[in-house]
Amino acid sequence: MAEAILKLADVQKTYTRKANGQVQKVRAVRHVTFDVPRQHIVALVGESGSGKSTIAKLITGVERADAGAIVFNQKPFGEWRRNMREYRRHVQMVFQDPYAALNPLNTVRYTISRPLANYRALKGSASDREIERILETVHLTPVKEFVDKLPFELSGGQLQRVVTARALASNPQLIVADEPVSMLDVSIRAEILHLLDELRTKQGVSLLYITHDLISARMLADEIVVLYRGTVVEEGNAQEVARNPMHPYTQLLLQSIPNPWAPALEPNVDLSRLDRTSDDGGCVFRARCPHAMKVCETAVPTLKSGAAGQKVACFLHHAPETQEVAAP
Amino acid sequence: MTSVLGVLKPFWKNKLARTGVIIVGIIVLMAIFAPLITPYSPNNSSFAPMLTPSAHHWLGTTQAGQDVYSQLIWGARQSLYVGFAAGIASTIVGLVIGLIAGYAPGIVDDVLSYLINVFLVIPGLPLMIILAAYAPVHGSLLIIFVITVTGWAWGARVLRSQVTTLRSRDYVAAARFAGDSMWRIIFREIMPNMISLVAAGFLGAAVSAILAAAGLEFLGLGDPSINSWGTMLYWAENSGALLQGQWAWLFAPGFLIAVLGTALVLINFAVDEMANPRLRKKG
Amino acid sequence: GSQTTSNNTTSSGKVPPMVLSVDPGNPLYSKNWNPFSPNALWGQAWIYETLYYNDAMNGHQTPWLATSYKWNSPLQLTFTIRKGVKWSNGTAFTPNDVVFTFNMLKKFPALDTNGVWTVLKSVTAQGDNVVFDFKTADVPAYTYIAGTPIVPASIWSKVKNPVTWTDPNPVGTGAYLVKSYTPQEFILVKNPHYWQASKVKVQEVEFPAVSQSANTVWLNLSEGKYTAANAFAPNIYKTYLNKDPKYRHIWFAPSGASNLTMNLTKYPFTSQTFRQAMAYAVNKPEVSKKGEYGYSPVASQTGLTLPANQSYLDQSLVKQYNYHYDPAKAAQLLKSMGLKKNSKGQLLGSNGQPITFTMIVPTGFSDWIEDAAIIQGDMKALGITMNVQTPSVSTWVSDMETGNYDLTLNFGLNQYNPYFYYESNLATSNTAPIGKNATSNYERYSNPQVDALLKKYAASTSLTQQKQIIDELQKVMLTQVPVIPMFYASNWNEYDNRYYTGWPTAQNPYVTPTYNTPDAEMEFTHLAPRK
Amino acid sequence: MRYLVRRGIMLLLTLWSAITLNFLLPRLMPGNPAEVMLAKFKGKGNMSPQAIHAIKVMLGLNNESLWQQYLQYWHEIFHWNFGVSYTYFPFSVTHEIAQALPWTLVLIGVTTVMSFVIGTGLGIAAAWKRGSLLDSSVTSIFTFTSSFPYFWFALICIFLLGFETTVFPNSGGFAATMNPGFNMAFIGSAVYHSILPAFTILVSSLGGWQLQMRNNMIAALNEDYVVLARAKGLPERTLAILYAARNAILPNMTSFAMSLGFVVSGAILVELVFSYPGMGNLLYSAVSNEDFPLMQGIFLMIVVCVVLANFAADVINVFLDPRVRRGGGEA
Amino acid sequence: MALLEVEHLTVTYGNVHAVRDVSLKLEPGEILGVVGESGSGKSTLGYAVTKLLRSPGQISAGRVLFEGQDLVPMAERELRKKRWKDIAVVMQSGMNALNPVATIRRQFEDAIMAHSPMSQTKMRERVAEMLQLVNIDARYADNYPHELSGGMKQRVAIALALVLDPKLIIFDEPTTALDVVVQRYIVQNLKMLRKRYNFSALFISHDLGTVLEIADRVAVMYGGKMVEVQAAGELLKNPRHPYTEALLKCFPDPRSEQIEVLGIPGTPPDLADLSPGCPFHPRCAMAMDRCRVETPEYISMGEAGVACHLAAREVEVGQNG
Ligand SMILES: Nc1ncnc2c1ncn2[C@@H]1O[C@H](COP(=O)(O)OP(=O)(O)OP(=O)(O)O)[C@@H](O)[C@H]1O
Ligand SMILES: Nc1ncnc2c1ncn2[C@@H]1O[C@H](COP(=O)(O)OP(=O)(O)OP(=O)(O)O)[C@@H](O)[C@H]1O
Ligand SMILES: [Mg+2]
Ligand SMILES: [Mg+2]
C-alpha cells in the first residue's frame with residue numbers, strides 16, 4: 001500500500017452552536033482516524049449530519065480540530081498552519097454546489113486565473129495558456145467557447161468542471177471533494193466521476209471523495225470510510241465494504257438503496273427506530289441498531305480488523321475489551 | 001453613452017422603473033439646463049414682490065421679488081445635489097461599516113454592530129435638527145453631513161447581514177482556496193454581488209435625504225440664501241404664501257419633491273426586484 | 001376668509017369679548033405670573049404696576065404708583081408714593097411695598113435683570129416718599145427704577161425663593177384680575193377696586209395662546225379672530241387690512257434702530273473712511289422694503305429714533321453727513337483710501353488681497369437673512385465678497401460677545417432716551433477685548449471723549465446739558481460711523497376697532513403698543529367698547 | 001429565556017451609550033447655552049456680575065469637571081430629575097415633558113398604530129390581489145403620498161380644511177377654553193383637533209408599511225407552505241391571513257416596535273405646523289431656544305422608549321414566532 | 001372511467017414552455033411515476049393537474065379531467081371543494097411545506113375543518129391516528145415544524161395528505177432531500193399506506209430507482225414532453241426510448257459484481273426554444289436526420305406509449321410483423 005499523503009488520528013471537533021441565543025454543543029466529529037494513501041481515492045460515506053463536511057473543513061484548514069492529529073505529507077497540520085498558503089496550494093477543495101461555488105459575476109477565465117496568479121505567479125499569456133490546458137484536462141472543449149462565459153451560461157455539469165479546474169490550477173497533491181455530484185442530475189454525475197478518476201490516474205492527485213451515496217463510492221474509490229454521527233464505524237477496501245458490509249449501519253445503507261432489478265431480494269428493513277438517537281456513551285448507533293445488545297449501551301466499540309480485511313467498530317464482530325466495559 | 005444605456009437597460013424593461021428613470025431624467029435635465037429654460041436668474045429680485053402667477057411670472061414672485069418659476073427650476077440642482085450627495089455619503093459610510101462588520105468576525109463585528117444598534121435607536125430627525133441647529137456654518141454641506149451621520153446605520157445593518165450571508169457562500173471560500181487576499185475577496189467577490197442592494201440602499205437614502213433636507217431647510221436650518229426646494233418652502237411659509245393666494249409658490253416645490261421621491265422609489269422597486277428575486281414577475 | 005367678528009353683533013348692544021394675541025405660549029402656557037420671571041405670562045402686565053409710566057417711544061411720563069419724583073441730587077432720587085391704592089386682596093399699597101420690592105431685587109440678584117443695584121446704594125421709605133440713594137451718579141437709571149414692577153410685601157416676603165416662584169395667584173395693584181386660566185387661554189377681568197377704575201372700560205380680556213407656527217397666527221389674524229395682536233405678518237395689507245379695511249388698522253410704531261455692526265478691530269472696518277463708504281454703500285431703502293417687508297423705516301445714521309427723537313436731531317450735521325444710498329460716493333471714498341480693483345473686479349485691500357468678510361445672522365431670523373442677501377449684493381457691487389453665515393442664536397450671541405465675527409446685524413433698544421443707545425453702543429465699559437465677553441458694545445468702539453460725555457450725561461439732571469451731550473454723540477456717529485443704524489425695528493400692532501376704540505395711533509401715540517408692563521395698563525385706560 | 005436575557009444585556013449596553021451620548025452631545029456643541037439664557041434674563045438692561053452669577057448657579061451652569069458632571073448626570077437620572085428648563089424657567093424639565101407627553105402619545109401613538117394596521121392591511125390586500133386595480137392604485141397612490149414632505153402636505157391641509165373651509169381647527173390640541181381633564185367635552189375637542197394632523201401623518205406614513213408588507217406578503221405567497229395551504233382547499237381568508245400574512249408580518253414587527261418607540265419623539269414637523277402641544281413641538285422649542293436640559297430630558301425619554309420598544313419587539317417575537325420561542329433546530 | 005385524464009396539456013411560464021402537449025391517464029388505485037431530469041417539467045405537470053401553478057405559470061392548452069370533469073375552466077370556488085378531499089399534494093421538502101408558525105395539529109385541523117368538520121375530540125383522535133400511521137408519536141402533534149427532523153416532517157406531510165382520504169395524491173419528489181435510509185423508510189411506509197387506503201398517485205421524482213420500486217407505471221419526461229410511458233417492470237427490462245435507456249444505465253444494481261455508470265453526455269434542452277425536432281436528439285446516440293427536423297409524435301399504445309422516431313418505427317415494424 002502506498003504511503004499516506006494524509007493521516008487523521010483521533011480527530012475531534014465539537015461545535016458550540018448559538019441558535020437564537022441558546023448554546024448547544026454538537027459533537028460533529030468524535031474520534032476519527034483514517035489515512036488517504038498517495039494517489040488513492042478514499043470515499044467518506046455517511047448520512048446527513050454525520051460529520052463529513054466537518055472533516056473536510058478540518059483537513060482544508062477552514063476549521064481547527066479540538067483534538068487529534070492531522071498530518072499532511074508527514075508534516076502535522078500545526079506546522080502547516082504557519083504557512084496556510086503553501087498548504088492550500090497542495091490541498092484544494094471541490095465544492096458540492098457548483099452553482100454556489102462560482103461567483104455569478106466572474107468569468108471562467110477570471111476564476112481559474114486566480115490560483116494561477118496566486119500560487120504559480122502566472123500572468124498574461126502564460127496564464128491563458130495554462131487555463132487552456134487545464135480546461136482541456138477537465139474536458140471543457142473547445143476551450144474558446146467556454147473560457148469567457150459567465151456561470152449562468154453554463155450547465156451544472158460544466159460548472160462542476162470549472163470548479164474542478166480551479167482546484168487543479170494550483171497543481172495540488174490532494175483534492176477534497178465534498179459531495180461533488182450530489183447536486184447534479186444523475187445523468188451527468190457519471191461524467192464528473194470519470195473526470196475525478198482520470199485526475200487520479202493522469203495527474204496523480206490523491207482524492208478524498210465525500211458522499212452519502214454508497215454506489216458512487218464503490219464506483220470511484222479505492223477505500224471507503226463509513227461515518228456515523230462523527231465516528232468511523234467501518235473502513236476498508238471499497239468493493240468489500242460496499243458489497244459485503246459488516247457494520248449494521250453500512251448494511252442498512254446498502255439495503256436502503258432502491259433496487260428495482262431484484263425486487264425479490266428487497267429486504268424489509270426494520271426502520272421503526274429511525275427517529276431515535278442516543279448521545280450518552282455506548283455505541284452511537286445502538287438506538288437504531290436492530291442487533292443492539294446490552295454491552296452496546298455501556299461500551300464504545302473501537303475500529304478493529306474484521307474478517308474480510310475491512311475494519312469495523314461493532315461488538316457483533318469482536319467482543320468488548322474489559323476496560324471498556326468498565327467505562328461509564 | 002452606450003455604457004450608460006447598458007446600465008439602464010434592465011430598468012428600461014420594467015415599466016415602473018422606466019417611469020422613474022424618465023422622471024428623474026427630466027428633473028436632471030431641468031437642473032442641467034436651468035439657465036436655458038428659465039426666463040430670469042433665480043436671485044434676480046428686481047420684480048415686484050408677491051405677484052400671483054401671470055404670463056411674465058408663471059408661478060408668481062417671492063416676497064423678495066424673485067421669479068418663482070426660475071427658482072423652482074434652479075432649485076432642482078440643489079435638491080438633486082443634496083439628495084444624491086447625502087445618499088452617496090450615507091451609503092458609503094454604511095457600506096464601509098457594513099462590509100467591515102460583516103466580514104471581520106468577533107470583536108470588530110461586535111463593536112460595529114453595537115455602534116449600528118446605537119445609531120438605530122437614536123431618533124434621526126431630532127438629532128438632525130440639533131446637529132444642524134448648532135453647527136456654526138449652515139449650508140448644503142452641513143445638511144449632507146447631518147443626514148449622513150443620522151442615516152448611515154440602516155444601510156449598514158442591511159449590508160452587514162448581506163455580507164455575513166455572502167461571506168459564507170461557497171465561492172468566497174473558494175476564493176480563499178484560490179489564494180486571494182481578504183481585500184480582493186471583499187472587492188471582487190462580495191462587493192459586486194451587493195450592487196443591487198447597495199443601489200437600493202442608495203436610492204432609499206437619497207429619498208429620505210431629499211425629504212430630510214427639505215424638512216431641515218423648511219425649519220430654517222439650511223442656508224436660506226441657497227436656492228433649493230426646501231428653502232423655497234421656507235420662504236413661502238415665512239411669507240405667508242398661502243394666505244396671499246400664492247399657491248404655486250408653496251405647492252410647486254413640495255410637489256416636485258414628492259415627484260422626485262416617487263420616481264426614485266419606483267426605480268428602487270426595480271432594483272429591489274433584482275435584489276430579491278421573489279418579487280420578480282416575469283414576462 | 002370669513003369675518004367671524006361681524007357675526008357677533010347682538011341687538012342688545014353687548015360687545016364680544018376682547019381677544020388679544022400677545023402671549024406666545026409654547027404652544028401651551030406655563031402658569032407663571034411672576035413679573036420678574038423671564039418667562040412670565042404677558043398678562044402680568046395688566047396686574048402689576050410700576051411707579052411711573054415712561055413712554056419708550058416719545059418719552060412722555062405719566063405718574064402711576066408714584067405721584068411725582070424728584071432728583072434731589074444726581075445721587076438721590078425721591079418718589080412720592082400714591083395714596084389710596086389697594087392690592088387686589090384688599091390690603092393697602094404702601095411705600096413699604098416699594099422698598100420691599102427693591103430690597104428683594106438686591107437680595108436676589110437674579111431678579112435684578114436691569115441691574116439697578118449696580119448703581120443704587122439704598123432704598124428707604126420716608127413717609128409717603130421712597131428715597132433712592134446712588135453709589136454712582138446715574139440719572140438715566142430712573143427709567144429702570146420707575147419701570148420696576150412693584151409687588152406686595154405681605155405676600156412676597158413669605159416666598160422662599162422669588163426667583164423660581166411662579167406666583168400662582170397674583171396679587172397686584174393693576175387694572176385686571178385673573179378670571180380663568182387654561183393652558184391655551186387665560187381671561188382677565190376688570191379689577192373693580194382699581195385706583196383709576198373709572199378709566200378702565202373693558203370688562204374682560206381674553207388671551208388665547210398664540211401658536212408657535214407663524215402660519216396659524218396669520219390665519220387667525222386674517223380670519224379676524226383677534227381684536228388686537230402684536231404679530232409680525234407678511235404683506236399685512238393683503239392678508240389683514242384689506243379684508244376689512246373699515247375696521248382693521250395697524251400701527252407699527254418704530255422702536256430703536258437695528259445696527260449693522262462691524263468688528264472695529266478687523267481690517268477693513270478699522271478704517272473710518274471705509275466705514276463711511278459702507279454707510280453709503282448699503283441700500284437701506286431696499287433692506288427696509290424687501291428684507292423688512294416695508295414695515296421698518298430706514299434709520300438715521302445718528303442712531304436717534306425718528307421721528308420720536310426729532311427734537312434731538314442736529315439738522316446742520318445731518319445735512320453735512322447725508323448717508324443716503326449712494327454707491328458712487330462709496331466707491332469714491334474707497335478710491336480715496338487708495339484701494340483698487342483687480343482684473344476680476346475684486347476690490348483689493350491694503351495688503352493686496354481681495355477684501356472679503358463674512359456677515360453672520362442668526363438662524364431663523366428670516367428677515368435679517370434677506371437683509372444680509374441684499375447687503376451681500378451691495379458689497380458685490382463694490383467688488384467686495386461678503387459671505388453670509390447663519391449660526392445658531394447662541395453661537396451668534398457668543399460670537400458677538402467675544403468679538404469673533406466680521407459683520408452682523410444687531411437689535412437696537414426700545415428706549416426713548418437716546419442716551420441708552422449711545423451708552424450701550426459706544427461706552428468703553430460695555431466692551432471688552434477680543435476673546436472676552438463684551439456687554440453690548442460688540443463692535444468694540446472705545447473713545448475716552450465719548451466715555452467722558454456719557455459719564456457727564458449720567459450725572460446731569462439738566463435737560464439742556466443733556467441735549468448738548470447728545471449733539472456731541474450724534475456727531476461721533478456721523479463722522480466715525482462706529483455702527484450703521486439700518487432701520488427702526490417695528491412694534492407690530494394690529495387692531496380691529498369695530499367693537500373697541502381708543503387705540504393708540506400714529507396721530508395719537510399716547511402709548512407704545514407693546515403690552516409690556518407699564519404700557520399695557522396705559523393703553524387699557526384709554527380703550528373702550530364702541531358705543 | 002436565555003435569549004431574552006442576552007437581548008436584555010445588549011439593551012442595557014445600548015441604553016448606556018445612548019444616555020452617555022446624550023450627556024456629551026450638548027457639551028460638544030459650539031456656543032454657550034448659558035449665554036442664551038442670560039441674554040433672555042438680561043432683557044433690556046445691564047446685568048451686574050452678581051446677577052449673572054446668581055443665575056448661573058440657579059441653572060446649574062457651574063464649572064465642574066466633565067467627570068463630576070457625568071456622575072451628577074447619572075445621579076439626577078436615577079432621581080428622575082432632569083433639571084430646570086431654560087425655556088420654561090422656573091418649570092422643571094419633568095414638568096414640561098409630563099405636560100407634552102400625553103398629547104404625543106395619543107396623537108402619534110394612535111396614528112402610528114393606525115398607519116401600521118391600515119398599511120399592513122392594504123399591503124396584504126395588494127399582494128393578495130397582485131396586479132389588480134386595487135393593487136396598482138393603492139400601491140401607486142401610497143408610493144406617491146409617502147414621498148410627500150409631511151409639513152408641506154400639512155400646510156396645504158391646514159389651509160384648505162382649516163382656513164378656506166373651517167372644517168377643522170387649524171392649530172392646537174384642544175379648544176382654548178378648556179382645561180385638560182377626563183371629560184367628554186374635552187376628549188371630544190381633543191379628538192376633533194387631532195383629526196387633521198392625524199390625517200396628514202397617516203397619508204404620508206401609510207405607504208411605507210403598505211409597501212413593506214406587500215413585499216413580504218408576495219414573498220410569503222410563494223412559499224411552499226402557502227401553495228400547500230391552497231392545495232388544502234382552505235378558505236381564501238384563512239390562506240391569506242393565517243398562512244401568508246401571519247408569516248409575512250413577522251419581519252415587520254421589529255420596525256413597528258421601533259416606530260412605536262419613536263412615537264415619543266413626536267412628529268416634529270407636523271406638531272410644529274399644527275402647533276400641537278406634543279413632544280415634537282417641545283423638542284423643537286428646546287432646540288431653538290437651546291434649552292439643553294430640556295433637550296437632554298426629551299432625548300433620554302426617546303432613547304429609553306425606543307430601546308424598551310425594541311425589547312418589547314423581541315418579547316413579542318418570542319410569542320409570535322415559535323422558531324424563536326422554542327429554540328431552533330433539530331437534535 | 002379513468003380517475004385522471006390529462007389531454008394535450010401545455011403549460012407556459014412566459015415564453016418558457018415547461019410542459020408541452022402532455023397526455024396521460026391514471027386509473028383508480030394506480031401509481032404513476034413521473035421521472036426526468038431537473039427542469040424537464042415534472043413539477044409543473046404535477047401542479048398543473050392541481051391548478052396550483054405559481055405565477056406566471058399558465059395552462060395555455062389542454063384539459064385535465066378529474067373523474068370526467070375538466071378542472072381547467074373550473075372556478076376557484078368549485079375547485080376548492082375538490083382540493084385535499086379529492087386531490088392532495090405532498091411537496092418536496094416538508095420543511096417548507098409546513099407553516100412554520102402553526103403547530104402540526106393545527107395544520108391537520110384546518111384541512112379537516114375546511115372540508116369535513118368534526119368535533120374537537122374526534123379531530124384529536126384523527127390527528128393521532130394519522131401520525132401513528134407514519135410512525136410518529138402523537139405527542140408531536142403539538143410541536144412546531146422546526147422541532148421535527150427532516151424525515152419526520154416529510155412523513156407528517158404524507159400523513160397530512162392522507163387525512164381526508166383523497167382519491168389522488170400528487171407526490172412531488174417526496175424523498176429527494178432525504179437520506180437513503182429515511183428514503184427507504186418512506187417508500188416502505190407509502191407502500192403500506194397504499195395497500196391500506198388504495199389511493200391513486202402521481203409520484204414525481206428524478207430517482208428512477210425509487211420510482212420503479214413504487215410505481216405501477218412510469219412516465220418519462222424530457223424537455224417538457226412525455227417521451228415514454230410503460231409499466232414499471234417493462235420499462236426496466238425493455239425501454240423503448242433512447243433517453244429512458246440511457247437513464248436506466250445511470251441506476252446500476254447495487255448488488256451486481258461490476259458497477260459501471262454511464263452518464264448521458266450533453267446538456268438538457270432550453271425550454272424557451274420552440275424549434276422543431278426531437279428534444280433529445282443532440283444527446284441521442286441513435287439520432288437520425290429526421291430527428292433533427294421533425295418532432296416525434298407521442299404514440300399511445302393503451303397503457304404505454306413512446307415519442308421517438310426510432311421506437312415508432314419499431315412499433316410499426318412490430319405491429320406489422
Ligand atoms: N459551523 C457549525 N456550527 C455548529 N454546528 C455545526 C457547524 N457545522 C456543522 N455543524 C453540525 O455538525 C454536524 C455535522 O455536520 P456536517 O456538515 O459535517 O455533516 P455532513 O455529514 O457534511 O452532512 P451533509 O450530508 O448534510 O452535508 C451536524 O449536526 C451539523 O449540524
Ligand atoms: N415560477 C416559475 N417561473 C418561471 N419559470 C419556471 C417557474 N417554475 C418553473 N419554471 C421553469 O419551468 C421549467 C420546468 O420546471 P419544473 O419545476 O416543472 O421542473 P422539474 O422537472 O420539476 O425539475 P426539478 O427536478 O428541478 O424539480 C424549468 O425550466 C423552470 O426553469
Ligand atoms: Mg456536508
Ligand atoms: Mg420539481
# chains A, B, ... in the order shown; residues from 1 in each chain; ligands from 1

$ interface_residues --of "chain D" --to "chain E" --cutoff "6 Å" --atoms "only C-alpha atoms" --output "list in words"
Asp224, Tyr225, Ala231, Lys232, Gly233, Leu234, Pro322 and Glu330 of chain D

$ residues_near_ligand --ligand "ligand 3" --cutoff "8 Å" --atoms "only C-alpha atoms and all ligand atoms" --output "ChimeraX atom specification"
/A:48-49,51-54,96,178-179

$ closest_atom_pairs --of "chain E" --to "chain A" --cutoff "8 Å" --atoms "only C-alpha atoms" --output "JSON lines"
{"residue": "E:Glu37", "atom": "CA", "partner": "A:Asp185", "partner_atom": "CA", "distance": 6.1}
{"residue": "E:Ser38", "atom": "CA", "partner": "A:Asp185", "partner_atom": "CA", "distance": 6.6}
{"residue": "E:Asn135", "atom": "CA", "partner": "A:Ser272", "partner_atom": "CA", "distance": 7.3}
{"residue": "E:Met152", "atom": "CA", "partner": "A:Asp275", "partner_atom": "CA", "distance": 7.7}
{"residue": "E:Asp179", "atom": "CA", "partner": "A:Glu47", "partner_atom": "CA", "distance": 6.0}
{"residue": "E:Val180", "atom": "CA", "partner": "A:Ser256", "partner_atom": "CA", "distance": 5.8}
{"residue": "E:Val181", "atom": "CA", "partner": "A:Ser256", "partner_atom": "CA", "distance": 5.4}
{"residue": "E:Val182", "atom": "CA", "partner": "A:Leu274", "partner_atom": "CA", "distance": 7.6}
{"residue": "E:Gln183", "atom": "CA", "partner": "A:Ser256", "partner_atom": "CA", "distance": 7.6}
{"residue": "E:Arg184", "atom": "CA", "partner": "A:Ser256", "partner_atom": "CA", "distance": 5.2}
{"residue": "E:Tyr185", "atom": "CA", "partner": "A:Leu271", "partner_atom": "CA", "distance": 6.2}
{"residue": "E:Gln188", "atom": "CA", "partner": "A:Asn268", "partner_atom": "CA", "distance": 7.9}
{"residue": "E:Gly209", "atom": "CA", "partner": "A:Pro258", "partner_atom": "CA", "distance": 5.3}
{"residue": "E:Thr210", "atom": "CA", "partner": "A:Pro258", "partner_atom": "CA", "distance": 5.5}
{"residue": "E:Leu212", "atom": "CA", "partner": "A:Pro260", "partner_atom": "CA", "distance": 5.9}
{"residue": "E:Glu213", "atom": "CA", "partner": "A:Pro260", "partner_atom": "CA", "distance": 5.3}
{"residue": "E:Leu236", "atom": "CA", "partner": "A:Trp261", "partner_atom": "CA", "distance": 7.7}
{"residue": "E:Ala246", "atom": "CA", "partner": "A:Ser187", "partner_atom": "CA", "distance": 8.0}
{"residue": "E:Leu247", "atom": "CA", "partner": "A:Ser187", "partner_atom": "CA", "distance": 6.4}
{"residue": "E:Cys250", "atom": "CA", "partner": "A:Ser187", "partner_atom": "CA", "distance": 6.2}
{"residue": "E:Asp253", "atom": "CA", "partner": "A:Asn259", "partner_atom": "CA", "distance": 6.3}
{"residue": "E:Pro254", "atom": "CA", "partner": "A:Ile215", "partner_atom": "CA", "distance": 6.4}
{"residue": "E:Arg255", "atom": "CA", "partner": "A:Arg243", "partner_atom": "CA", "distance": 6.7}
{"residue": "E:Ile259", "atom": "CA", "partner": "A:Met219", "partner_atom": "CA", "distance": 6.4}
{"residue": "E:Glu260", "atom": "CA", "partner": "A:Met219", "partner_atom": "CA", "distance": 7.0}
{"residue": "E:Val261", "atom": "CA", "partner": "A:Ala190", "partner_atom": "CA", "distance": 6.0}
{"residue": "E:Leu262", "atom": "CA", "partner": "A:Ala190", "partner_atom": "CA", "distance": 5.8}
{"residue": "E:Gly263", "atom": "CA", "partner": "A:Ser187", "partner_atom": "CA", "distance": 4.6}
{"residue": "E:Ile264", "atom": "CA", "partner": "A:Ser187", "partner_atom": "CA", "distance": 5.0}
{"residue": "E:Pro265", "atom": "CA", "partner": "A:Ile188", "partner_atom": "CA", "distance": 6.7}
{"residue": "E:Thr267", "atom": "CA", "partner": "A:Ser155", "partner_atom": "CA", "distance": 6.7}

$ write_last_selection --atoms "N, CA and C atoms" --output "tab-separated table (two decimals), in the first residue's frame"
chain	number	residue	atom	x	y	z
E	37	GLU	N	-35.03	14.48	-15.85
E	37	GLU	CA	-34.02	15.25	-15.15
E	37	GLU	C	-34.56	16.63	-14.75
E	38	SER	N	-33.72	17.32	-14.01
E	38	SER	CA	-34.15	18.60	-13.47
E	38	SER	C	-34.58	19.53	-14.60
E	135	ASN	N	-45.83	6.41	11.80
E	135	ASN	CA	-44.90	6.08	12.87
E	135	ASN	C	-44.33	7.28	13.61
E	152	MET	N	-39.01	13.32	9.61
E	152	MET	CA	-40.30	13.35	10.32
E	152	MET	C	-41.25	14.33	9.64
E	179	ASP	N	-32.03	11.39	3.35
E	179	ASP	CA	-31.01	10.34	3.32
E	179	ASP	C	-31.58	9.02	2.82
E	180	VAL	N	-30.71	8.19	2.27
E	180	VAL	CA	-31.19	6.91	1.74
E	180	VAL	C	-32.01	6.11	2.73
E	181	VAL	N	-31.55	6.09	3.97
E	181	VAL	CA	-32.24	5.27	4.95
E	181	VAL	C	-33.64	5.80	5.18
E	182	VAL	N	-33.73	7.07	5.34
E	182	VAL	CA	-35.03	7.69	5.56
E	182	VAL	C	-35.90	7.52	4.32
E	183	GLN	N	-35.24	7.65	3.19
E	183	GLN	CA	-35.92	7.49	1.91
E	183	GLN	C	-36.56	6.09	1.84
E	184	ARG	N	-35.78	5.15	2.21
E	184	ARG	CA	-36.25	3.77	2.21
E	184	ARG	C	-37.45	3.63	3.14
E	185	TYR	N	-37.34	4.23	4.26
E	185	TYR	CA	-38.39	4.16	5.25
E	185	TYR	C	-39.69	4.72	4.69
E	188	GLN	N	-41.22	2.44	2.07
E	188	GLN	CA	-41.90	1.32	2.71
E	188	GLN	C	-43.25	1.76	3.26
E	209	GLY	N	-34.76	4.76	-9.63
E	209	GLY	CA	-34.78	3.56	-8.78
E	209	GLY	C	-36.00	3.55	-7.89
E	210	THR	N	-36.20	4.62	-7.18
E	210	THR	CA	-37.34	4.69	-6.27
E	210	THR	C	-38.65	4.62	-7.03
E	212	LEU	N	-39.28	3.26	-9.90
E	212	LEU	CA	-39.53	1.91	-10.41
E	212	LEU	C	-40.02	1.01	-9.29
E	213	GLU	N	-39.52	1.28	-8.12
E	213	GLU	CA	-39.88	0.44	-7.00
E	213	GLU	C	-41.32	0.64	-6.55
E	236	LEU	N	-38.17	-1.30	-17.16
E	236	LEU	CA	-36.87	-1.73	-16.67
E	236	LEU	C	-36.21	-2.70	-17.63
E	246	ALA	N	-30.83	5.30	-21.59
E	246	ALA	CA	-29.65	5.95	-21.02
E	246	ALA	C	-29.85	6.21	-19.53
E	247	LEU	N	-31.04	6.64	-19.20
E	247	LEU	CA	-31.34	6.97	-17.80
E	247	LEU	C	-31.20	5.72	-16.94
E	250	CYS	N	-27.93	4.88	-15.63
E	250	CYS	CA	-27.42	5.71	-14.52
E	250	CYS	C	-27.76	5.08	-13.17
E	253	ASP	N	-27.53	-1.73	-10.55
E	253	ASP	CA	-27.94	-2.63	-9.47
E	253	ASP	C	-26.84	-2.63	-8.41
E	254	PRO	N	-27.18	-2.20	-7.19
E	254	PRO	CA	-26.14	-2.10	-6.17
E	254	PRO	C	-25.48	-3.44	-5.84
E	255	ARG	N	-26.13	-4.53	-6.20
E	255	ARG	CA	-25.58	-5.82	-5.81
E	255	ARG	C	-24.77	-6.50	-6.92
E	259	ILE	N	-19.82	-2.61	-11.36
E	259	ILE	CA	-20.70	-1.47	-11.49
E	259	ILE	C	-20.08	-0.50	-12.47
E	260	GLU	N	-20.84	-0.15	-13.47
E	260	GLU	CA	-20.36	0.92	-14.32
E	260	GLU	C	-21.51	1.85	-14.58
E	261	VAL	N	-21.27	3.05	-14.30
E	261	VAL	CA	-22.34	4.02	-14.52
E	261	VAL	C	-22.01	4.80	-15.77
E	262	LEU	N	-22.98	4.85	-16.64
E	262	LEU	CA	-22.79	5.66	-17.83
E	262	LEU	C	-23.69	6.87	-17.72
E	263	GLY	N	-23.18	7.99	-17.95
E	263	GLY	CA	-24.00	9.20	-17.91
E	263	GLY	C	-24.61	9.45	-19.26
E	264	ILE	N	-25.27	10.56	-19.39
E	264	ILE	CA	-25.78	10.99	-20.69
E	264	ILE	C	-25.05	12.27	-21.03
E	265	PRO	N	-24.13	12.17	-21.96
E	265	PRO	CA	-23.38	13.39	-22.27
E	265	PRO	C	-24.29	14.48	-22.83
E	267	THR	N	-26.19	18.51	-22.63
E	267	THR	CA	-26.98	19.28	-21.67
E	267	THR	C	-28.46	19.24	-22.03

$ residues_around --residues "region 34-43 of chain B" --least-positions-apart "6" --cutoff "6 Å" --atoms "only C-alpha atoms" --output "ChimeraX atom specification"
/B:70-71,73-74

$ write_last_selection --atoms "N, CA, C and O atoms" --output "short mmCIF file (atom, residue, chain, number, x, y, z; two decimals), in the first residue's frame"
data_model
loop_
_atom_site.label_atom_id
_atom_site.label_comp_id
_atom_site.auth_asym_id
_atom_site.auth_seq_id
_atom_site.Cartn_x
_atom_site.Cartn_y
_atom_site.Cartn_z
N SER B 70 -38.38 80.43 -12.00
CA SER B 70 -36.93 80.30 -12.17
C SER B 70 -36.31 79.65 -10.96
O SER B 70 -35.41 78.81 -11.07
N GLN B 71 -36.80 80.02 -9.78
CA GLN B 71 -36.25 79.42 -8.56
C GLN B 71 -36.52 77.93 -8.53
O GLN B 71 -35.70 77.13 -8.11
N ILE B 73 -36.92 75.83 -11.02
CA ILE B 73 -36.07 75.07 -11.93
C ILE B 73 -34.64 75.01 -11.41
O ILE B 73 -34.03 73.95 -11.35
N TRP B 74 -34.15 76.15 -10.97
CA TRP B 74 -32.79 76.16 -10.42
C TRP B 74 -32.71 75.32 -9.15
O TRP B 74 -31.68 74.72 -8.86
#

$ interface_residues --of "chain B" --to "chain A" --cutoff "9 Å" --atoms "only C-alpha atoms" --output "PyMOL selection string"
chain B and resi 169-180+188-190+192-193
